[in-house]
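File shown: data_23.txt. Contents: compact mmCIF, N, CA and C atoms.
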```txt
# COMPACT_ATOMS: atom_id res chain seq x y z
N MET A 1 32.80 8.32 -13.90
CA MET A 1 32.48 7.44 -15.01
C MET A 1 31.93 8.30 -16.15
N THR A 2 32.43 8.04 -17.34
CA THR A 2 31.95 8.73 -18.53
C THR A 2 30.73 8.01 -19.08
N ILE A 3 29.74 8.78 -19.48
CA ILE A 3 28.55 8.22 -20.10
C ILE A 3 28.46 8.77 -21.52
N LYS A 4 28.27 7.87 -22.47
CA LYS A 4 28.11 8.26 -23.87
C LYS A 4 26.70 7.88 -24.30
N ARG A 5 26.03 8.80 -24.95
CA ARG A 5 24.68 8.55 -25.43
C ARG A 5 24.69 8.49 -26.96
N VAL A 6 24.02 7.48 -27.50
CA VAL A 6 23.97 7.25 -28.94
C VAL A 6 22.52 7.44 -29.39
N SER A 7 22.32 8.33 -30.34
CA SER A 7 20.98 8.55 -30.87
C SER A 7 20.90 7.97 -32.28
N SER A 8 19.74 7.43 -32.62
CA SER A 8 19.54 6.93 -33.98
C SER A 8 18.62 7.86 -34.76
N GLY A 9 18.10 8.89 -34.09
CA GLY A 9 17.19 9.80 -34.75
C GLY A 9 15.78 9.25 -34.90
N GLY A 10 15.48 8.15 -34.19
CA GLY A 10 14.15 7.56 -34.25
C GLY A 10 13.07 8.52 -33.76
N GLU A 11 11.88 8.41 -34.32
CA GLU A 11 10.81 9.36 -34.02
C GLU A 11 10.41 9.39 -32.55
N PHE A 12 10.55 8.29 -31.83
CA PHE A 12 10.12 8.27 -30.44
C PHE A 12 11.19 8.76 -29.46
N GLU A 13 12.44 8.88 -29.91
CA GLU A 13 13.51 9.30 -29.01
C GLU A 13 13.21 10.67 -28.40
N ALA A 14 12.92 11.66 -29.21
CA ALA A 14 12.63 13.00 -28.69
C ALA A 14 11.27 13.04 -27.99
N LYS A 15 10.28 12.34 -28.55
CA LYS A 15 8.94 12.35 -27.95
C LYS A 15 8.92 11.76 -26.55
N ALA A 16 9.65 10.65 -26.35
CA ALA A 16 9.60 9.94 -25.07
C ALA A 16 10.82 10.21 -24.19
N GLY A 17 11.78 10.99 -24.69
CA GLY A 17 12.92 11.38 -23.87
C GLY A 17 13.91 10.25 -23.59
N TYR A 18 14.36 9.57 -24.64
CA TYR A 18 15.38 8.53 -24.47
C TYR A 18 16.31 8.56 -25.67
N CYS A 19 17.39 7.78 -25.58
CA CYS A 19 18.28 7.63 -26.73
C CYS A 19 18.40 6.16 -27.07
N ARG A 20 18.90 5.86 -28.26
CA ARG A 20 18.97 4.49 -28.73
C ARG A 20 19.85 3.63 -27.84
N ALA A 21 20.99 4.20 -27.41
CA ALA A 21 21.90 3.41 -26.57
C ALA A 21 22.62 4.32 -25.59
N VAL A 22 23.02 3.74 -24.48
CA VAL A 22 23.83 4.42 -23.48
C VAL A 22 25.02 3.53 -23.17
N VAL A 23 26.20 4.12 -23.23
CA VAL A 23 27.43 3.41 -22.90
C VAL A 23 27.89 3.92 -21.54
N ALA A 24 28.00 3.01 -20.57
CA ALA A 24 28.40 3.40 -19.22
C ALA A 24 29.03 2.20 -18.51
N GLY A 25 30.13 2.44 -17.82
CA GLY A 25 30.74 1.41 -17.00
C GLY A 25 31.12 0.15 -17.76
N GLY A 26 31.51 0.30 -19.03
CA GLY A 26 31.92 -0.86 -19.82
C GLY A 26 30.77 -1.61 -20.47
N TRP A 27 29.57 -1.11 -20.30
CA TRP A 27 28.37 -1.75 -20.85
C TRP A 27 27.71 -0.87 -21.90
N VAL A 28 27.06 -1.52 -22.87
CA VAL A 28 26.25 -0.83 -23.86
C VAL A 28 24.82 -1.30 -23.67
N HIS A 29 23.94 -0.38 -23.32
CA HIS A 29 22.52 -0.68 -23.12
C HIS A 29 21.75 -0.11 -24.31
N VAL A 30 21.22 -0.99 -25.15
CA VAL A 30 20.47 -0.55 -26.33
C VAL A 30 18.98 -0.65 -26.02
N ALA A 31 18.29 0.47 -26.19
CA ALA A 31 16.86 0.55 -25.91
C ALA A 31 16.06 -0.39 -26.80
N GLY A 32 14.85 -0.71 -26.37
CA GLY A 32 13.94 -1.48 -27.20
C GLY A 32 13.83 -0.83 -28.57
N THR A 33 13.99 -1.63 -29.61
CA THR A 33 14.09 -1.11 -30.97
C THR A 33 13.11 -1.84 -31.88
N VAL A 34 12.30 -1.07 -32.58
CA VAL A 34 11.40 -1.63 -33.59
C VAL A 34 11.96 -1.30 -34.96
N GLY A 35 11.51 -2.03 -35.97
CA GLY A 35 11.97 -1.79 -37.32
C GLY A 35 10.80 -1.53 -38.26
N GLN A 36 11.15 -1.30 -39.50
CA GLN A 36 10.15 -1.03 -40.52
C GLN A 36 9.90 -2.29 -41.35
N GLY A 37 8.74 -2.34 -41.97
CA GLY A 37 8.38 -3.46 -42.83
C GLY A 37 6.97 -3.92 -42.54
N GLU A 38 6.49 -4.78 -43.40
CA GLU A 38 5.13 -5.29 -43.25
C GLU A 38 5.06 -6.56 -42.41
N THR A 39 6.09 -7.41 -42.51
CA THR A 39 6.06 -8.68 -41.80
C THR A 39 6.95 -8.63 -40.57
N VAL A 40 6.76 -9.59 -39.69
CA VAL A 40 7.60 -9.66 -38.50
C VAL A 40 9.06 -9.87 -38.88
N LEU A 41 9.32 -10.64 -39.92
CA LEU A 41 10.70 -10.89 -40.34
C LEU A 41 11.35 -9.63 -40.91
N GLU A 42 10.62 -8.87 -41.70
CA GLU A 42 11.14 -7.60 -42.23
C GLU A 42 11.44 -6.64 -41.09
N GLN A 43 10.52 -6.56 -40.12
CA GLN A 43 10.72 -5.67 -38.99
C GLN A 43 11.88 -6.13 -38.11
N CYS A 44 12.04 -7.43 -37.95
CA CYS A 44 13.14 -7.98 -37.17
C CYS A 44 14.48 -7.61 -37.82
N ARG A 45 14.57 -7.82 -39.12
CA ARG A 45 15.79 -7.50 -39.87
C ARG A 45 16.11 -6.00 -39.76
N SER A 46 15.11 -5.17 -39.90
CA SER A 46 15.29 -3.72 -39.81
C SER A 46 15.74 -3.30 -38.41
N ALA A 47 15.10 -3.85 -37.38
CA ALA A 47 15.47 -3.52 -36.00
C ALA A 47 16.91 -3.94 -35.71
N LEU A 48 17.30 -5.12 -36.19
CA LEU A 48 18.68 -5.57 -35.99
C LEU A 48 19.67 -4.63 -36.67
N GLY A 49 19.31 -4.09 -37.81
CA GLY A 49 20.18 -3.12 -38.49
C GLY A 49 20.37 -1.85 -37.67
N ILE A 50 19.29 -1.38 -37.06
CA ILE A 50 19.36 -0.18 -36.21
C ILE A 50 20.21 -0.48 -34.98
N ILE A 51 20.01 -1.65 -34.40
CA ILE A 51 20.79 -2.05 -33.22
C ILE A 51 22.26 -2.19 -33.59
N GLU A 52 22.54 -2.80 -34.73
CA GLU A 52 23.94 -2.96 -35.15
C GLU A 52 24.63 -1.61 -35.30
N ALA A 53 23.93 -0.63 -35.88
CA ALA A 53 24.51 0.70 -36.03
C ALA A 53 24.81 1.33 -34.67
N ALA A 54 23.91 1.17 -33.71
CA ALA A 54 24.12 1.71 -32.36
C ALA A 54 25.29 1.01 -31.68
N LEU A 55 25.36 -0.31 -31.79
CA LEU A 55 26.47 -1.05 -31.20
C LEU A 55 27.81 -0.61 -31.81
N THR A 56 27.83 -0.46 -33.12
CA THR A 56 29.05 -0.04 -33.81
C THR A 56 29.50 1.33 -33.33
N GLU A 57 28.56 2.27 -33.24
CA GLU A 57 28.91 3.62 -32.77
C GLU A 57 29.41 3.58 -31.33
N ALA A 58 28.92 2.64 -30.55
CA ALA A 58 29.34 2.51 -29.16
C ALA A 58 30.67 1.77 -29.02
N GLY A 59 31.14 1.11 -30.10
CA GLY A 59 32.39 0.38 -30.04
C GLY A 59 32.22 -1.11 -29.78
N ALA A 60 31.04 -1.63 -30.06
CA ALA A 60 30.75 -3.05 -29.82
C ALA A 60 30.13 -3.66 -31.07
N SER A 61 29.79 -4.95 -30.97
CA SER A 61 29.14 -5.65 -32.08
C SER A 61 28.21 -6.71 -31.52
N PHE A 62 27.54 -7.42 -32.39
CA PHE A 62 26.64 -8.48 -31.93
C PHE A 62 27.39 -9.56 -31.15
N SER A 63 28.65 -9.76 -31.43
CA SER A 63 29.41 -10.79 -30.69
C SER A 63 29.64 -10.39 -29.24
N ASP A 64 29.42 -9.11 -28.91
CA ASP A 64 29.59 -8.62 -27.54
C ASP A 64 28.28 -8.59 -26.75
N VAL A 65 27.17 -8.93 -27.40
CA VAL A 65 25.86 -8.91 -26.74
C VAL A 65 25.77 -10.08 -25.76
N VAL A 66 25.40 -9.76 -24.51
CA VAL A 66 25.28 -10.80 -23.48
C VAL A 66 23.83 -11.07 -23.10
N ARG A 67 22.92 -10.16 -23.47
CA ARG A 67 21.50 -10.30 -23.10
C ARG A 67 20.65 -9.70 -24.20
N VAL A 68 19.58 -10.39 -24.57
CA VAL A 68 18.63 -9.87 -25.55
C VAL A 68 17.22 -10.17 -25.05
N THR A 69 16.33 -9.21 -25.25
CA THR A 69 14.92 -9.41 -24.94
C THR A 69 14.12 -9.12 -26.20
N TYR A 70 13.26 -10.07 -26.55
CA TYR A 70 12.37 -9.92 -27.70
C TYR A 70 10.96 -9.69 -27.16
N MET A 71 10.28 -8.69 -27.67
CA MET A 71 8.91 -8.40 -27.27
C MET A 71 8.03 -8.46 -28.51
N LEU A 72 6.98 -9.27 -28.44
CA LEU A 72 6.07 -9.42 -29.58
C LEU A 72 4.63 -9.40 -29.08
N PRO A 73 3.73 -8.76 -29.82
CA PRO A 73 2.33 -8.81 -29.43
C PRO A 73 1.70 -10.18 -29.67
N ASP A 74 2.32 -10.99 -30.54
CA ASP A 74 1.80 -12.33 -30.83
C ASP A 74 2.97 -13.31 -30.84
N ARG A 75 3.09 -14.10 -29.79
CA ARG A 75 4.23 -15.02 -29.65
C ARG A 75 4.32 -16.02 -30.80
N THR A 76 3.21 -16.29 -31.48
CA THR A 76 3.25 -17.26 -32.58
C THR A 76 4.02 -16.72 -33.79
N GLU A 77 4.30 -15.43 -33.82
CA GLU A 77 5.06 -14.84 -34.92
C GLU A 77 6.58 -14.89 -34.70
N PHE A 78 7.01 -15.41 -33.55
CA PHE A 78 8.43 -15.38 -33.22
C PHE A 78 9.25 -16.38 -34.04
N ALA A 79 8.75 -17.57 -34.27
CA ALA A 79 9.50 -18.63 -34.93
C ALA A 79 10.09 -18.23 -36.29
N PRO A 80 9.39 -17.47 -37.13
CA PRO A 80 9.99 -17.09 -38.42
C PRO A 80 11.28 -16.27 -38.26
N CYS A 81 11.48 -15.65 -37.10
CA CYS A 81 12.67 -14.83 -36.87
C CYS A 81 13.87 -15.66 -36.42
N TRP A 82 13.66 -16.86 -35.95
CA TRP A 82 14.74 -17.66 -35.36
C TRP A 82 15.95 -17.83 -36.27
N PRO A 83 15.79 -18.19 -37.55
CA PRO A 83 16.99 -18.36 -38.38
C PRO A 83 17.80 -17.06 -38.50
N LEU A 84 17.13 -15.94 -38.65
CA LEU A 84 17.82 -14.66 -38.74
C LEU A 84 18.55 -14.34 -37.44
N LEU A 85 17.93 -14.62 -36.32
CA LEU A 85 18.56 -14.36 -35.02
C LEU A 85 19.75 -15.28 -34.80
N ALA A 86 19.61 -16.54 -35.16
CA ALA A 86 20.72 -17.49 -35.03
C ALA A 86 21.90 -17.05 -35.90
N GLU A 87 21.61 -16.56 -37.10
CA GLU A 87 22.65 -16.07 -38.00
C GLU A 87 23.30 -14.81 -37.44
N THR A 88 22.50 -13.91 -36.89
CA THR A 88 23.00 -12.64 -36.36
C THR A 88 23.97 -12.86 -35.20
N PHE A 89 23.61 -13.72 -34.28
CA PHE A 89 24.45 -13.92 -33.09
C PHE A 89 25.49 -15.02 -33.29
N GLY A 90 25.30 -15.88 -34.28
CA GLY A 90 26.29 -16.87 -34.66
C GLY A 90 26.81 -17.69 -33.50
N ALA A 91 28.13 -17.72 -33.38
CA ALA A 91 28.80 -18.52 -32.36
C ALA A 91 28.80 -17.86 -30.99
N ASN A 92 28.15 -16.69 -30.88
CA ASN A 92 28.13 -15.93 -29.62
C ASN A 92 26.70 -15.66 -29.15
N PRO A 93 25.89 -16.69 -28.94
CA PRO A 93 24.50 -16.44 -28.56
C PRO A 93 24.40 -15.84 -27.15
N PRO A 94 23.57 -14.81 -27.00
CA PRO A 94 23.37 -14.20 -25.69
C PRO A 94 22.28 -14.93 -24.90
N ALA A 95 22.19 -14.62 -23.62
CA ALA A 95 21.03 -15.04 -22.84
C ALA A 95 19.83 -14.32 -23.44
N ALA A 96 18.68 -14.98 -23.50
CA ALA A 96 17.54 -14.39 -24.20
C ALA A 96 16.23 -14.63 -23.47
N THR A 97 15.32 -13.66 -23.66
CA THR A 97 13.97 -13.75 -23.13
C THR A 97 13.01 -13.26 -24.21
N MET A 98 11.86 -13.93 -24.35
CA MET A 98 10.81 -13.48 -25.25
C MET A 98 9.58 -13.18 -24.41
N ILE A 99 9.03 -11.99 -24.60
CA ILE A 99 7.86 -11.55 -23.85
C ILE A 99 6.74 -11.24 -24.83
N GLU A 100 5.55 -11.73 -24.53
CA GLU A 100 4.38 -11.38 -25.33
C GLU A 100 3.72 -10.18 -24.65
N CYS A 101 3.61 -9.07 -25.39
CA CYS A 101 3.07 -7.84 -24.81
C CYS A 101 2.64 -6.88 -25.92
N GLY A 102 1.90 -5.86 -25.55
CA GLY A 102 1.54 -4.82 -26.49
C GLY A 102 2.73 -3.92 -26.75
N LEU A 103 2.85 -3.41 -27.99
CA LEU A 103 3.91 -2.47 -28.33
C LEU A 103 3.32 -1.09 -28.53
N ILE A 104 4.16 -0.10 -28.74
CA ILE A 104 3.73 1.30 -28.76
C ILE A 104 2.73 1.61 -29.88
N ASP A 105 2.77 0.84 -30.96
CA ASP A 105 1.86 1.03 -32.09
C ASP A 105 1.51 -0.35 -32.63
N PRO A 106 0.24 -0.61 -32.93
CA PRO A 106 -0.16 -1.94 -33.41
C PRO A 106 0.53 -2.39 -34.70
N LYS A 107 1.12 -1.46 -35.45
CA LYS A 107 1.80 -1.85 -36.69
C LYS A 107 3.11 -2.59 -36.41
N TYR A 108 3.63 -2.46 -35.20
CA TYR A 108 4.89 -3.11 -34.87
C TYR A 108 4.65 -4.55 -34.44
N ARG A 109 5.46 -5.47 -34.99
CA ARG A 109 5.31 -6.90 -34.72
C ARG A 109 6.38 -7.44 -33.78
N ILE A 110 7.51 -6.70 -33.64
CA ILE A 110 8.60 -7.15 -32.77
C ILE A 110 9.41 -5.94 -32.30
N GLU A 111 9.86 -6.00 -31.06
CA GLU A 111 10.77 -5.00 -30.49
C GLU A 111 11.92 -5.78 -29.86
N ILE A 112 13.14 -5.28 -30.04
CA ILE A 112 14.32 -5.98 -29.56
C ILE A 112 15.17 -5.04 -28.73
N GLU A 113 15.61 -5.53 -27.57
CA GLU A 113 16.47 -4.77 -26.66
C GLU A 113 17.70 -5.62 -26.36
N VAL A 114 18.89 -5.00 -26.37
CA VAL A 114 20.10 -5.77 -26.07
C VAL A 114 20.98 -5.04 -25.07
N THR A 115 21.82 -5.84 -24.39
CA THR A 115 22.87 -5.33 -23.53
C THR A 115 24.16 -6.00 -23.98
N ALA A 116 25.20 -5.20 -24.18
CA ALA A 116 26.50 -5.72 -24.62
C ALA A 116 27.58 -5.22 -23.67
N ILE A 117 28.68 -5.93 -23.65
CA ILE A 117 29.85 -5.51 -22.90
C ILE A 117 30.87 -4.99 -23.91
N LEU A 118 31.50 -3.87 -23.58
CA LEU A 118 32.50 -3.33 -24.50
C LEU A 118 33.71 -4.26 -24.53
N PRO A 119 34.22 -4.53 -25.73
CA PRO A 119 35.42 -5.38 -25.82
C PRO A 119 36.62 -4.66 -25.23
N GLU A 120 37.55 -5.44 -24.70
CA GLU A 120 38.75 -4.83 -24.11
C GLU A 120 39.80 -4.58 -25.17
```
Do you think you could lay out the structure here as structure tokens?
Amino acid sequence: MTIKRVSSGGEFEAKAGYCRAVVAGGWVHVAGTVGQGETVLEQCRSALGIIEAALTEAGASFSDVVRVTYMLPDRTEFAPCWPLLAETFGANPPAATMIECGLIDPKYRIEIEVTAILPE
């Protein structure tokens, strides 16, 4: 089986020894991704952009995502992201989980991880 690794050049990739995405066995596994911005919505939009770039490089798109996990330090901040997430996944909503937890730096308000299947 061929394994392809996709790097986004994020600051934590080299520090923590991981890459943005791994393509293996017909699947694209995108690591937990944070974005830039002051608000949870800005960070959500930014993280989705980073994820979209990784999916594209892997040969997939948001319509191929089958699983998404959202991690937030404050679950009450999740609702403002819902319209953006509904727009992003459109007619192809994945299975989803939201977890309230601490993130690597207190400045981050949301982290998003996805799994996609490569289109045939």
Open item on the list: Report, in Å to a single decimal, how far apart CA of Val28 in chain A and atom N of Thr69 in chain A are.
Closed with: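 Between atom N of Thr69 in chain A and CA of Val28 in chain A the gap is 13.1 Å.
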TODO: Check the smallest atom-to-atom distance from each of A:His29, A:Arg20, A:Arg109, A:Lys15 to Met71 in chain A using all atoms listed in the file, then report the winner.
DONE: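 For Met71 in chain A, the nearest of the given residues is A:Arg109.
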Task: Point-to-point distance from atom C of Thr97 in chain A to atom C of Met1 in chain A, Å rounded to tenths - done: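 So the answer is 29.8 Å.
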Task: Pick from A:Leu84, A:Ala60, A:Ala91, A:Leu103 nearest to Cys44 in chain A, counting all atoms listed in the file - done: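 Of the candidates, the smallest distance to Cys44 in chain A is held by A:Leu84.
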- [ ] If you run DSSP over the backbone, which residues in chain A end up strand (DSSP E)? Put them as number ranges by chain.
- [x] A: 3-6, 21-24, 27-34, 65-72, 95-100, 111-117
- [ ] Go ahead and compute the interatomic distance for CA of Pro93 in chain A and atom C of Arg5 in chain A, in Å to one decimal.
- [x]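 For CA of Pro93 in chain A relative to atom C of Arg5 in chain A, the distance reads 25.0 Å.
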Open item on the list: What's around Thr115 in chain A at 9 Å? Count only C-alpha atoms, leave out sequence neighbours fewer than 5 positions away in its own chain, and write the answer as number ranges by chain.
Closed with: A: 27-31, 64-68
Task: Test item: residues at most 5 Å from Val6 in chain A, only N, CA and C atoms, excluding those fewer than 4 positions along its chain, as JSON, numbers by chain - done: {"A": [19, 20, 21, 22]}
- [ ] Name the closest residue to Ala47 in chain A among the candidates A:Glu111, A:Glu120, A:Glu11, A:Glu77; distances are taken between atoms, counting all atoms listed in the file.
- [x]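 Among the listed residues, the smallest separation from Ala47 in chain A belongs to A:Glu111.
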- [ ] May I have the residues within 9 Å of Glu38 in chain A as a list in words, using only C-alpha atoms and disregarding those fewer than 5 positions away in the same chain?
- [x] Gln43, Lys107, Tyr108 and Arg109 of chain A
Keeping only N, CA and C atoms, write those residues as a PDB file, in the coordinates of the input.
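See again_31.pdb below for the written result:
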```pdb
ATOM      1  N   GLN A  43      10.520  -6.560 -40.120  1.00  0.00           N
ATOM      2  CA  GLN A  43      10.720  -5.670 -38.990  1.00  0.00           C
ATOM      3  C   GLN A  43      11.880  -6.130 -38.110  1.00  0.00           C
ATOM      4  N   LYS A 107       1.120  -1.460 -35.450  1.00  0.00           N
ATOM      5  CA  LYS A 107       1.800  -1.850 -36.690  1.00  0.00           C
ATOM      6  C   LYS A 107       3.110  -2.590 -36.410  1.00  0.00           C
ATOM      7  N   TYR A 108       3.630  -2.460 -35.200  1.00  0.00           N
ATOM      8  CA  TYR A 108       4.890  -3.110 -34.870  1.00  0.00           C
ATOM      9  C   TYR A 108       4.650  -4.550 -34.440  1.00  0.00           C
ATOM     10  N   ARG A 109       5.460  -5.470 -34.990  1.00  0.00           N
ATOM     11  CA  ARG A 109       5.310  -6.900 -34.720  1.00  0.00           C
ATOM     12  C   ARG A 109       6.380  -7.440 -33.780  1.00  0.00           C
TER      13      ARG A 109
END
```
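Nearest-residue note for Ala116 in chain A: choosing from A:Pro73, A:Gly26, A:Gly90, A:Gly35, the minimum distance belongs to A:Gly26, counting only N, CA and C atoms.
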- [ ] Would you return as a ChimeraX atom specification the members of chain A that DSSP assigns to helix (DSSP H, G or I) on this structure's backbone?
- [x] /A:11-16,40-58,62-64,75-77,79-89
Open item on the list: So that I can check the surroundings of Tyr70 in chain A, please list as a PyMOL selection string every protein, DNA and RNA residue that reaches within 6.5 Å of it, counting only N, CA and C atoms and ignoring chain neighbours fewer than 3 positions away.
Closed with: chain A and resi 96-100+111-113
Saved selection, atoms kept: N, CA and C atoms, as a short mmCIF file (atom, residue, chain, number, x, y, z; two decimals), in the coordinates of the input:
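Wrote it out as out_39.cif, contents follow:
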```
data_model
loop_
_atom_site.label_atom_id
_atom_site.label_comp_id
_atom_site.auth_asym_id
_atom_site.auth_seq_id
_atom_site.Cartn_x
_atom_site.Cartn_y
_atom_site.Cartn_z
N ALA A 96 18.68 -14.98 -23.50
CA ALA A 96 17.54 -14.39 -24.20
C ALA A 96 16.23 -14.63 -23.47
N THR A 97 15.32 -13.66 -23.66
CA THR A 97 13.97 -13.75 -23.13
C THR A 97 13.01 -13.26 -24.21
N MET A 98 11.86 -13.93 -24.35
CA MET A 98 10.81 -13.48 -25.25
C MET A 98 9.58 -13.18 -24.41
N ILE A 99 9.03 -11.99 -24.60
CA ILE A 99 7.86 -11.55 -23.85
C ILE A 99 6.74 -11.24 -24.83
N GLU A 100 5.55 -11.73 -24.53
CA GLU A 100 4.38 -11.38 -25.33
C GLU A 100 3.72 -10.18 -24.65
N GLU A 111 9.86 -6.00 -31.06
CA GLU A 111 10.77 -5.00 -30.49
C GLU A 111 11.92 -5.78 -29.86
N ILE A 112 13.14 -5.28 -30.04
CA ILE A 112 14.32 -5.98 -29.56
C ILE A 112 15.17 -5.04 -28.73
N GLU A 113 15.61 -5.53 -27.57
CA GLU A 113 16.47 -4.77 -26.66
C GLU A 113 17.70 -5.62 -26.36
#
```
